[in-house]
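**Student:** Quick one: the structure is below, and I'll ask about it shortly.
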Amino acid sequence: MEKGADRVHPTASTYAIMLLAWKRFNPDSDTPVHLSELPNPTTLLSNLVERDISPTAVVADRVLASSEEASDIIKLLSKSAVDLNHPRVLAELGQAEFLGSHVPDPLEGVPEVKPVVRLATPSEEILDEDGNIIPAQSQEEVPFNLNNLRSHLAQVTLARRILPEDLASRQKLLEESVYDVAVERLRHEAKLFDELGLGNRELHHADLQKWMWNWHQKLKTRLEAEIQDIVIAEAKTCEHICACQTFILTARLARNSQVQRMGPFLSLVKPEKLSLITILEIMRLQGSGGVSDGMKTARALLTVGRAVENEYKAEMCKRNHIAIPSHARPSEFTGYFTGLGYKDLHARRMTAAKYMEDSEEWTSEWTQVLRVRVGSILVDCLMDSATIERTAIDKRTNEEIKENQPAFYHAYEYVRGQKLGVIRLNPVVSERIAKDGLRETLHPRHLPMLIKPKPWLSYDQGGYLYNRSAAMRFKDCQEQQSYLEHATALGNVELVYAGLDVLGSTPWKINRNIFDIVLKVWNSGERLCKIPPALYDKPEPEKPPNMNTDIKAKSVYGTRLKAFMQDKANNHSDRCSVNYKIEIARAFLGDTMYLPHNLDFRGRAYPIPPHFNHIGDDLSRGLLMFGEAQPLGEQGLRWLKIHLANLYGFDKGNFDERVKFVMDHLEDVYDSAEKPLDGNRWWVKADDPWQCLATCIELRAALESGDPHTYMSSLPVHQDGTCNGLQHYAALGGDVKGAAQVNLSVTDRPSDVYTYVANMVEKVIEEDLRNGDRFAAMLSGRVSRKVVKQTVMTTVYGVTYIGAREQIERQLKDRKDIPEEECWGASAYLAKKVLACIGDLFSGAKAIQTWLNICARLISKSIPAERIPDALQAPKGSKRIAHALPKNRIRKEQMSSVVWTTPLGLPIVQPYRKTKRKQVMTAIQSVFISDPNAPAEVNAVKQASAFPPNFIHSLDATHMMLTALECRTQGLTFASVHDSYWTHASSINKMSEIIRDTFIALHSSDVLEKLATEFRTRYASHKIPLTSFRSGQLLKNLQAAGVRIVASSEQANALRQGGFSSFDDIMDISDEEAGSIAQISKNSETEAPQPSQTEVPKPTQTETPKPKTGKRGRPIKNVIMIEGAEKDVSAAGHHDDCADEDDVDSILVGKFVDLSAVLPPLPKKGDFDVETIKKSQYFFS
């Protein structure tokens, strides 16, 4: 019948019979019948869709005798619909299942989440008979991006209804291409408009969805023709190359054709999807990059090209049916830290990766140039195809005038004096989506998972099943990816991948009690606990009567009005953010979910789902519970009370005092749990109110259960480090004083470094107050722990004065007791005082921080020995020969990033470089893009300032991973937020032991000594030009750190005669000991540092031509011509490498010192014994 041979066509009954036959007699059934031509449900559904037969008609056919059979057939077809990517069929089957079944739905009775609304802009003015404007009635509409989120989450809810037990199929549906969802939605809405809006111009006017659907239809047709033309044109070019006889001509044409061959890449994704990708990505970028009503052309082309690449890879994942390796561990598992366990881990991961790699040759990264070229073709076609009809009334004739205009157009604008190409939106389109939130992603591709994430098999294989994810967020740094790939191939990062698997496999569920309360507050529109109000509720500042005559009053009013307008705008964006969280939480009610993790470049782990996870704010954490419950036990009940005290803010007493605090407020706890919104709202005053409320409800439920010790609790309980960065510094330096301040030492009650610093600052302010300081009077008695906390915490991470001032300014504004206009000056005053007090308190940490900073600065100034002769060569193309060496030639070879390896084997590469831009010619304009893979000199200042905090972050990430792995080995549920570790209340004591043991193991391995050894090994051949030491501050830092350079007496005299006596401070003169300074010429390798060879020729004038001139005929200053260092400076005005030749001194030319010779010695370690931590009960608490 399918083939049509008998001229009889199948009906809904035919397909119902075939599906029933498959159900009863398929090879896996109890009564299998082996027929070679028995079609499976996927084939049947595909044919059914082709014949336009409704699946509902098949399911409702009388052939199916029972409801059970109909339900089974719906499930068969639903799984096939997921495999075939037919969301419309799935939706239809969902309705059929819902109408015919009574399966309890977790969302039954749960109110809808009221979306964020904003006032809709009236489409046009309405006039009365006298020509007066009639005020339009305010209309509200849901922002476009939230509509998309709700549509996408409706798919999640629908999938649960149809496939309640088949989690794998539901997960596949969840990860389906967002563009498929978008095209279905736009098609449906366009059809609805055609049905409802006939003859009604208002419905068609300025409707974004209608426009996008029309653009999609036109662009799809245009792309089909355009791609076909490109393929044909490129084929002709290939034929021409084959016909060429001249080898040189053939090679040249081959190169040109290779650059222009776009057909194969444009053919990877169907034109329908290419069209949607282009439209959605361009709409999403509107207003980005500081461009009003548009976007930067280069960014638009790159974004569209990258989106096409990602969509193709997602399709290939689904098409290849990539296997999902199991998380199961063998029963004889001996732990992650044994040799046998590690080898087994490596062998299993390599086997799984090998199994998958054959079908994944398509996974290689596209280049930036390729992305730009693909994007330029698509965007150019969109700009040609997308039009809108604008309507206006001729004021003279009152006639209606219509005109078709481009929806997008290309233009240029000047930004900071530079000409910038931009793509602009037609003003009508721009008005429609102005301030609408389209700057946020249109579709949330990454939601929590319904099954355990795919284990990490390689740097780009793991996490989501079908959407490709990277194990590290590379920040467009090819170096980071290369190092990680190499380490993976060597099997050095098995524990890192295993740690990510542990974090991703922790089950979560939505706390229904908290969700119901949050939803009620949200739908009421009131402000409560950082849930922003539906309508901004703060009064606008009053305009002072003397504003026009008093300049200061006008300035104060302007400052307050600006702050008010900013807060009002922030209220809307905050409301949208909370809306995302609540919508996602509602969609996952009743489900167990998982959060796949990956790393930043320092090794810190983060959940990949961006909108809703446990690293989020207090609301997100309050809405989440572990997916598994554990009995509390006696110790668990005690820790639950301590946890409640911590969340409320009473976390500086000892543990017994915290338990007493909760018992003293037990009546408030019960009131909060039973009447959270109608009672006295004690929980609202907590530091973390939503988590506090969740704990109140959990504690009350345990106490009321009859036997609290057997109560099954799912609430995560936290153990937080005390200023964890300072804890690592104190352990690294053996700093006894610092260790006592951050609870590494044994004490009866916890130390609070933040309160200690706040008290120190108050004493300093008292002295200034006696001297009549204005800001001291303003701040006296107002420097609380909270004001200084963030600055103290980030000091160890390299916070600058500017950063500290901004942090303190935010805290002062939050207090509301200092005038808005005075906050800036007060924060500047206070930041200086806080930083001074911290420096006195943590001198040990400062010494290590300085050592790390100097090491990074030296590394970033170094050059591999094999590159130095090339660096001394004159630029290619130089014709005239002179005798000067421009320092730019040396600078451009300074490309060494700071690289180190964590104790878990993870290579860390700092990505800070001076970006180079590359010009790409496209159909729209010439685009300059920064190619992250192009060789570029490092940003030495950023490398040095960022290394101390990045190194400490890599240590706390290592400690967290070690703890996660050991918790999994001992069967504990584990989650973390950097230095805050979570588990069940009953497991806290066990986890506390593990936290201490892993910290001791980490710092017992002499971390800094290993780092210094790694630097000397990794950079053994690297040398630093003496010109890099001309900075007086660097020489002072080296002298203070105890660095000494050995030089011969002749070398020392040459430097002194050249005016570089500052080197004396770090120089030891010896003619017997091998010197540190070497002379390297452009035509030879490093010469032995002997006096006869290292003596620098004195400047002579024998070959000195008349002074060279640069641009505009100006002489080049301070260039001394010397023998033996020939250099062409004639191109100074014409070649980039010779642009900055000022201040080049012949004495230092060609002189280099070994990096290993100037690395400073380690700071002297103190007497603190890290083993003491075992007895410190407040280390993590």
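Chain lettering (A, B, ...) mirrors the order of the structure tokens, residue numbering begins at 1 for each chain separately, and ligand numbering begins at 1 in order of display.
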Please provide the set of residues having any atom within 12 Å of Ile1045 (chain A), restricted to only C-alpha atoms, with same-chain residues fewer than 3 positions apart removed, written as a tab-separated table (two decimals) with N, CA, C and O atoms, in the first residue's frame.

**Tutor:**
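Okay, this is what ended up in selection-v9.tsv:
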```tsv
chain	number	residue	atom	x	y	z
A	1026	LEU	N	68.30	42.75	28.52
A	1026	LEU	CA	68.59	43.72	29.59
A	1026	LEU	C	67.78	45.00	29.43
A	1026	LEU	O	67.55	45.72	30.40
A	1029	PHE	N	64.98	45.52	31.83
A	1029	PHE	CA	65.22	45.84	33.24
A	1029	PHE	C	65.39	47.34	33.45
A	1029	PHE	O	65.75	47.77	34.53
A	1035	LEU	N	63.74	46.89	38.94
A	1035	LEU	CA	65.04	46.66	39.57
A	1035	LEU	C	64.93	46.74	41.09
A	1035	LEU	O	65.53	45.94	41.82
A	1038	LEU	N	63.30	43.55	42.30
A	1038	LEU	CA	64.24	42.43	42.24
A	1038	LEU	C	65.25	42.52	43.38
A	1038	LEU	O	65.61	41.50	44.01
A	1039	GLN	N	65.74	43.74	43.66
A	1039	GLN	CA	66.69	43.90	44.77
A	1039	GLN	C	66.04	43.53	46.09
A	1039	GLN	O	66.64	42.81	46.91
A	1042	GLY	N	65.84	39.88	46.67
A	1042	GLY	CA	67.10	39.15	46.86
A	1042	GLY	C	67.69	38.58	45.58
A	1042	GLY	O	68.49	37.64	45.64
A	1048	SER	N	80.92	39.97	34.84
A	1048	SER	CA	82.37	40.18	34.88
A	1048	SER	C	82.64	41.66	35.12
A	1048	SER	O	81.76	42.51	34.94
A	1051	GLN	N	82.00	43.67	31.94
A	1051	GLN	CA	80.57	43.91	31.70
A	1051	GLN	C	80.06	45.01	32.62
A	1051	GLN	O	79.31	45.91	32.18
A	1052	ALA	N	80.45	44.95	33.90
A	1052	ALA	CA	79.98	45.95	34.86
A	1052	ALA	C	80.47	47.35	34.48
A	1052	ALA	O	79.72	48.33	34.53
A	1063	PHE	N	72.10	49.07	37.73
A	1063	PHE	CA	72.27	47.62	37.77
A	1063	PHE	C	73.17	47.17	38.93
A	1063	PHE	O	73.18	46.00	39.29
A	1064	ASP	N	73.96	48.12	39.48
A	1064	ASP	CA	74.86	47.77	40.59
A	1064	ASP	C	74.10	47.19	41.77
A	1064	ASP	O	74.64	46.38	42.54
A	1065	ASP	N	72.83	47.61	41.93
A	1065	ASP	CA	72.07	47.18	43.11
A	1065	ASP	C	71.79	45.68	43.10
A	1065	ASP	O	71.53	45.09	44.15
A	1066	ILE	N	71.79	45.05	41.91
A	1066	ILE	CA	71.49	43.61	41.87
A	1066	ILE	C	72.64	42.82	41.24
A	1066	ILE	O	72.47	41.65	40.90
A	1067	MET	N	73.81	43.45	41.11
A	1067	MET	CA	74.91	42.80	40.39
A	1067	MET	C	76.02	42.39	41.33
A	1067	MET	O	76.44	43.15	42.20
A	1068	ASP	N	76.50	41.16	41.16
A	1068	ASP	CA	77.72	40.67	41.83
A	1068	ASP	C	78.80	40.57	40.76
A	1068	ASP	O	78.60	39.93	39.71
A	1069	ILE	N	79.95	41.18	41.02
A	1069	ILE	CA	81.03	41.19	40.02
A	1069	ILE	C	82.01	40.07	40.35
A	1069	ILE	O	82.52	39.96	41.47
A	1070	SER	N	82.26	39.23	39.35
A	1070	SER	CA	83.19	38.11	39.53
A	1070	SER	C	83.76	37.72	38.17
A	1070	SER	O	83.01	37.51	37.22
A	1073	GLU	N	83.65	33.30	38.49
A	1073	GLU	CA	82.36	32.59	38.39
A	1073	GLU	C	81.73	32.87	37.02
A	1073	GLU	O	81.92	33.93	36.43
A	1074	ALA	N	81.02	31.85	36.49
A	1074	ALA	CA	80.34	32.02	35.20
A	1074	ALA	C	79.31	33.14	35.31
A	1074	ALA	O	78.52	33.19	36.25
A	1075	GLY	N	79.34	34.05	34.35
A	1075	GLY	CA	78.45	35.20	34.39
A	1075	GLY	C	77.03	34.86	33.99
A	1075	GLY	O	76.76	33.84	33.34
A	1076	SER	N	76.10	35.75	34.38
A	1076	SER	CA	74.69	35.55	34.05
A	1076	SER	C	74.33	36.21	32.72
A	1076	SER	O	73.35	35.85	32.09
A	1077	ILE	N	75.12	37.22	32.32
A	1077	ILE	CA	74.79	38.00	31.14
A	1077	ILE	C	75.46	37.40	29.92
A	1077	ILE	O	76.64	37.04	29.95
A	1078	ALA	N	74.71	37.26	28.83
A	1078	ALA	CA	75.24	36.70	27.59
A	1078	ALA	C	74.99	37.67	26.46
A	1078	ALA	O	74.00	38.40	26.44
A	1152	PHE	N	71.53	39.64	27.05
A	1152	PHE	CA	70.41	38.89	27.63
A	1152	PHE	C	70.88	38.18	28.89
A	1152	PHE	O	72.06	37.88	29.06
A	1153	VAL	N	69.93	37.93	29.77
A	1153	VAL	CA	70.22	37.20	30.99
A	1153	VAL	C	69.25	36.03	31.09
A	1153	VAL	O	68.08	36.13	30.67
A	1154	ASP	N	69.71	34.89	31.59
A	1154	ASP	CA	68.86	33.71	31.73
A	1154	ASP	C	67.71	34.01	32.70
A	1154	ASP	O	67.93	34.58	33.77
A	1155	LEU	N	66.51	33.59	32.31
A	1155	LEU	CA	65.36	33.80	33.18
A	1155	LEU	C	65.57	33.10	34.52
A	1155	LEU	O	65.27	33.65	35.58
A	1156	SER	N	66.12	31.89	34.47
A	1156	SER	CA	66.30	31.12	35.72
A	1156	SER	C	67.27	31.82	36.67
A	1156	SER	O	67.21	31.62	37.88
A	1157	ALA	N	68.15	32.67	36.13
A	1157	ALA	CA	69.13	33.35	36.98
A	1157	ALA	C	68.52	34.50	37.75
A	1157	ALA	O	69.07	34.92	38.77
A	1158	VAL	N	67.39	35.04	37.24
A	1158	VAL	CA	66.81	36.21	37.92
A	1158	VAL	C	65.49	35.90	38.60
A	1158	VAL	O	64.85	36.80	39.16
A	1159	LEU	N	65.03	34.64	38.54
A	1159	LEU	CA	63.83	34.31	39.31
A	1159	LEU	C	64.14	34.48	40.79
A	1159	LEU	O	65.13	33.92	41.29
A	1160	PRO	N	63.34	35.23	41.52
A	1160	PRO	CA	63.67	35.51	42.92
A	1160	PRO	C	63.56	34.26	43.79
A	1160	PRO	O	62.78	33.35	43.50
```

**Student:** Let me make sure I understand: among A:Ser745, A:Thr506, A:Asn771, A:Thr1172, which one has the smallest atom-to-atom distance to His984 (chain A) if we use only C-alpha atoms?

**Tutor:** A:Thr506

**Student:** Fewer than 4 positions away in the same chain doesn't count, so skip those; otherwise give me all residues within 9 Å of Met18 (chain A), counting only C-alpha atoms, as a PyMOL selection string.

**Tutor:** chain A and resi 13-14+22-23+38-41+44

**Student:** So which residues touch Glu309 (chain A) within 12 Å, counting only C-alpha atoms, skipping near sequence neighbours fewer than 5 positions away, as a list in words?

**Tutor:** Phe265, Leu266, Ser267, Leu268, Val269, Lys273, Leu274, Ile277, Leu302, Thr303, Val304, Ala314, Glu315, Met316, Trp362, Thr363, Ser364, Glu365, Trp366, Thr367, Gln368, Leu370, Arg371, Val372, Val374, Gly375, Asn467 and Arg468 of chain A

**Student:** Mind dumping the selected residues with C-alpha atoms as a PDB file, in the first residue's frame?

**Tutor:**
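Once everything was written out, this is selection_7.pdb:
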```
ATOM      1  CA  PHE A 265      30.088  25.140   4.431  1.00  0.00           C
ATOM      2  CA  LEU A 266      26.836  26.848   3.475  1.00  0.00           C
ATOM      3  CA  SER A 267      25.441  23.456   2.455  1.00  0.00           C
ATOM      4  CA  LEU A 268      26.033  21.883   5.880  1.00  0.00           C
ATOM      5  CA  VAL A 269      22.785  23.277   7.329  1.00  0.00           C
ATOM      6  CA  LYS A 273      17.663  26.774   9.462  1.00  0.00           C
ATOM      7  CA  LEU A 274      20.263  29.133   8.020  1.00  0.00           C
ATOM      8  CA  ILE A 277      19.774  31.448  12.568  1.00  0.00           C
ATOM      9  CA  LEU A 302      31.207  36.487  13.575  1.00  0.00           C
ATOM     10  CA  THR A 303      28.157  35.697  15.692  1.00  0.00           C
ATOM     11  CA  VAL A 304      26.094  34.421  12.754  1.00  0.00           C
ATOM     12  CA  ALA A 314      24.558  19.827  17.275  1.00  0.00           C
ATOM     13  CA  GLU A 315      22.873  18.225  14.263  1.00  0.00           C
ATOM     14  CA  MET A 316      25.798  15.863  13.755  1.00  0.00           C
ATOM     15  CA  TRP A 362      33.520  16.913  11.702  1.00  0.00           C
ATOM     16  CA  THR A 363      34.203  18.398  15.128  1.00  0.00           C
ATOM     17  CA  SER A 364      37.228  20.559  14.254  1.00  0.00           C
ATOM     18  CA  GLU A 365      36.923  24.271  15.020  1.00  0.00           C
ATOM     19  CA  TRP A 366      36.166  26.770  12.260  1.00  0.00           C
ATOM     20  CA  THR A 367      38.564  29.678  11.831  1.00  0.00           C
ATOM     21  CA  GLN A 368      37.514  33.251  12.546  1.00  0.00           C
ATOM     22  CA  LEU A 370      35.634  31.272   7.829  1.00  0.00           C
ATOM     23  CA  ARG A 371      32.996  32.342  10.350  1.00  0.00           C
ATOM     24  CA  VAL A 372      33.124  35.912   9.061  1.00  0.00           C
ATOM     25  CA  VAL A 374      29.864  32.508   6.112  1.00  0.00           C
ATOM     26  CA  GLY A 375      28.215  35.194   8.225  1.00  0.00           C
ATOM     27  CA  ASN A 467      24.713  19.984  22.410  1.00  0.00           C
ATOM     28  CA  ARG A 468      28.473  20.183  22.280  1.00  0.00           C
TER      29      ARG A 468
END
```

**Student:** In region 636-830 of chain A, what's alpha helix (DSSP H) per DSSP? Answer as an MDAnalysis selection string?

**Tutor:** chainID A and resid 636:648 655:664 666:674 689:703 724:733 736:741 753:770 774:779 785:795 801:815 823:830

**Student:** Work out how far apart CA of His959 (chain A) and CA of Ser843 (chain A) are and give it in Å to one decimal.

**Tutor:** 23.8 Å

**Student:** Measure the distance from CA of Tyr912 (chain A) to CA of Arg1018 (chain A) in Å and round it to one decimal.

**Tutor:**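 Taking CA of Tyr912 (chain A) and CA of Arg1018 (chain A), their separation equals 18.8 Å.
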
**Student:** Identify, on the basis of only C-alpha atoms, every residue whose closest approach to Trp690 (chain A) does not exceed 9 Å; exclude the query and any residue fewer than 6 positions from it along the same chain; express the result as a list in words.

**Tutor:**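 Counting only the stated atoms, we get Ile514, Val518, Cys529, Asp618, Leu619, Ser620, Arg621, Gly622, Leu623, Trp683 and Val684 of chain A.
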
**Student:** How about saving the chosen residues, all heavy atoms kept, as a compact mmCIF listing (two decimals), in the first residue's frame?

**Tutor:**
```txt
# COMPACT_ATOMS: atom_id res chain seq x y z
N ILE A 514 9.13 26.17 49.11
CA ILE A 514 9.67 27.51 48.80
C ILE A 514 9.12 28.01 47.49
O ILE A 514 8.76 29.19 47.35
CB ILE A 514 11.21 27.47 48.78
CG1 ILE A 514 11.76 27.09 50.16
CG2 ILE A 514 11.77 28.82 48.34
CD1 ILE A 514 11.41 28.07 51.26
N VAL A 518 7.40 31.61 46.79
CA VAL A 518 8.02 32.52 45.82
C VAL A 518 7.01 32.89 44.73
O VAL A 518 6.89 34.07 44.35
CB VAL A 518 9.28 31.88 45.19
CG1 VAL A 518 9.76 32.68 43.99
CG2 VAL A 518 10.40 31.78 46.22
N CYS A 529 12.52 40.47 49.77
CA CYS A 529 13.77 39.70 49.76
C CYS A 529 14.43 39.64 48.39
O CYS A 529 14.67 38.57 47.84
CB CYS A 529 13.54 38.28 50.28
SG CYS A 529 12.87 38.24 51.93
N ASP A 618 20.64 33.95 46.36
CA ASP A 618 19.93 33.33 47.48
C ASP A 618 18.62 32.68 47.04
O ASP A 618 18.26 31.60 47.52
CB ASP A 618 19.68 34.40 48.55
CG ASP A 618 18.77 33.92 49.66
OD1 ASP A 618 19.09 32.88 50.28
OD2 ASP A 618 17.74 34.57 49.91
N LEU A 619 17.91 33.32 46.12
CA LEU A 619 16.63 32.76 45.65
C LEU A 619 16.86 31.43 44.95
O LEU A 619 16.14 30.46 45.21
CB LEU A 619 15.96 33.75 44.69
CG LEU A 619 14.67 33.27 44.03
CD1 LEU A 619 13.60 32.99 45.07
CD2 LEU A 619 14.16 34.30 43.02
N SER A 620 17.84 31.35 44.06
CA SER A 620 18.13 30.10 43.36
C SER A 620 18.48 28.99 44.35
O SER A 620 18.01 27.85 44.23
CB SER A 620 19.29 30.29 42.39
OG SER A 620 18.98 31.24 41.40
N ARG A 621 19.30 29.32 45.33
CA ARG A 621 19.72 28.31 46.31
C ARG A 621 18.55 27.87 47.18
O ARG A 621 18.45 26.70 47.53
CB ARG A 621 20.85 28.87 47.18
CG ARG A 621 22.10 29.22 46.38
CD ARG A 621 23.19 29.76 47.29
NE ARG A 621 24.33 30.25 46.52
CZ ARG A 621 25.46 30.65 47.05
NH1 ARG A 621 25.64 30.63 48.37
NH2 ARG A 621 26.45 31.09 46.29
N GLY A 622 17.67 28.82 47.53
CA GLY A 622 16.52 28.47 48.34
C GLY A 622 15.55 27.54 47.62
O GLY A 622 14.85 26.75 48.25
N LEU A 623 15.51 27.64 46.28
CA LEU A 623 14.59 26.82 45.49
C LEU A 623 15.11 25.41 45.25
O LEU A 623 14.38 24.56 44.74
CB LEU A 623 14.32 27.50 44.14
CG LEU A 623 13.38 28.70 44.16
CD1 LEU A 623 13.43 29.45 42.84
CD2 LEU A 623 11.95 28.26 44.45
N TRP A 683 12.12 35.62 59.22
CA TRP A 683 13.08 35.12 58.23
C TRP A 683 13.51 36.19 57.22
O TRP A 683 14.60 36.11 56.65
CB TRP A 683 12.49 33.92 57.48
CG TRP A 683 11.24 34.24 56.69
CD1 TRP A 683 9.97 34.30 57.16
CD2 TRP A 683 11.17 34.56 55.29
NE1 TRP A 683 9.09 34.63 56.16
CE2 TRP A 683 9.80 34.78 55.00
CE3 TRP A 683 12.10 34.67 54.27
CZ2 TRP A 683 9.36 35.12 53.71
CZ3 TRP A 683 11.66 35.01 52.99
CH2 TRP A 683 10.31 35.23 52.72
N VAL A 684 12.68 37.20 57.01
CA VAL A 684 12.98 38.23 56.01
C VAL A 684 14.22 39.04 56.41
O VAL A 684 14.93 39.57 55.55
CB VAL A 684 11.75 39.16 55.83
CG1 VAL A 684 12.09 40.38 54.99
CG2 VAL A 684 10.60 38.39 55.21
```

**Student:** Neighbouring residues of Trp456 (chain A) were defined as those with any atom within 7 Å, considering only C-alpha atoms; residues of the same chain fewer than 3 positions away were excluded. Please report them as a list of chain:residue names.

**Tutor:**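 Residues meeting the cut-off are A:Gln461, A:Gly462, A:Gly463, A:Tyr497, A:Asp501.
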
**Student:** Between A:Ile908, A:Lys402, A:Gly616, A:His718, which has the minimum distance to Asn950 (chain A) (counting only C-alpha atoms)?

**Tutor:**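 Nearest candidate to Asn950 (chain A) out of A:Ile908, A:Lys402, A:Gly616, A:His718: A:Ile908.
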
**Student:** Calculated over only C-alpha atoms, which of the candidates A:Ala701, A:Met295, A:Val33, A:Cys823 has the smallest distance to Asn513 (chain A)?

**Tutor:**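 For Asn513 (chain A), the nearest of the given residues is A:Ala701.
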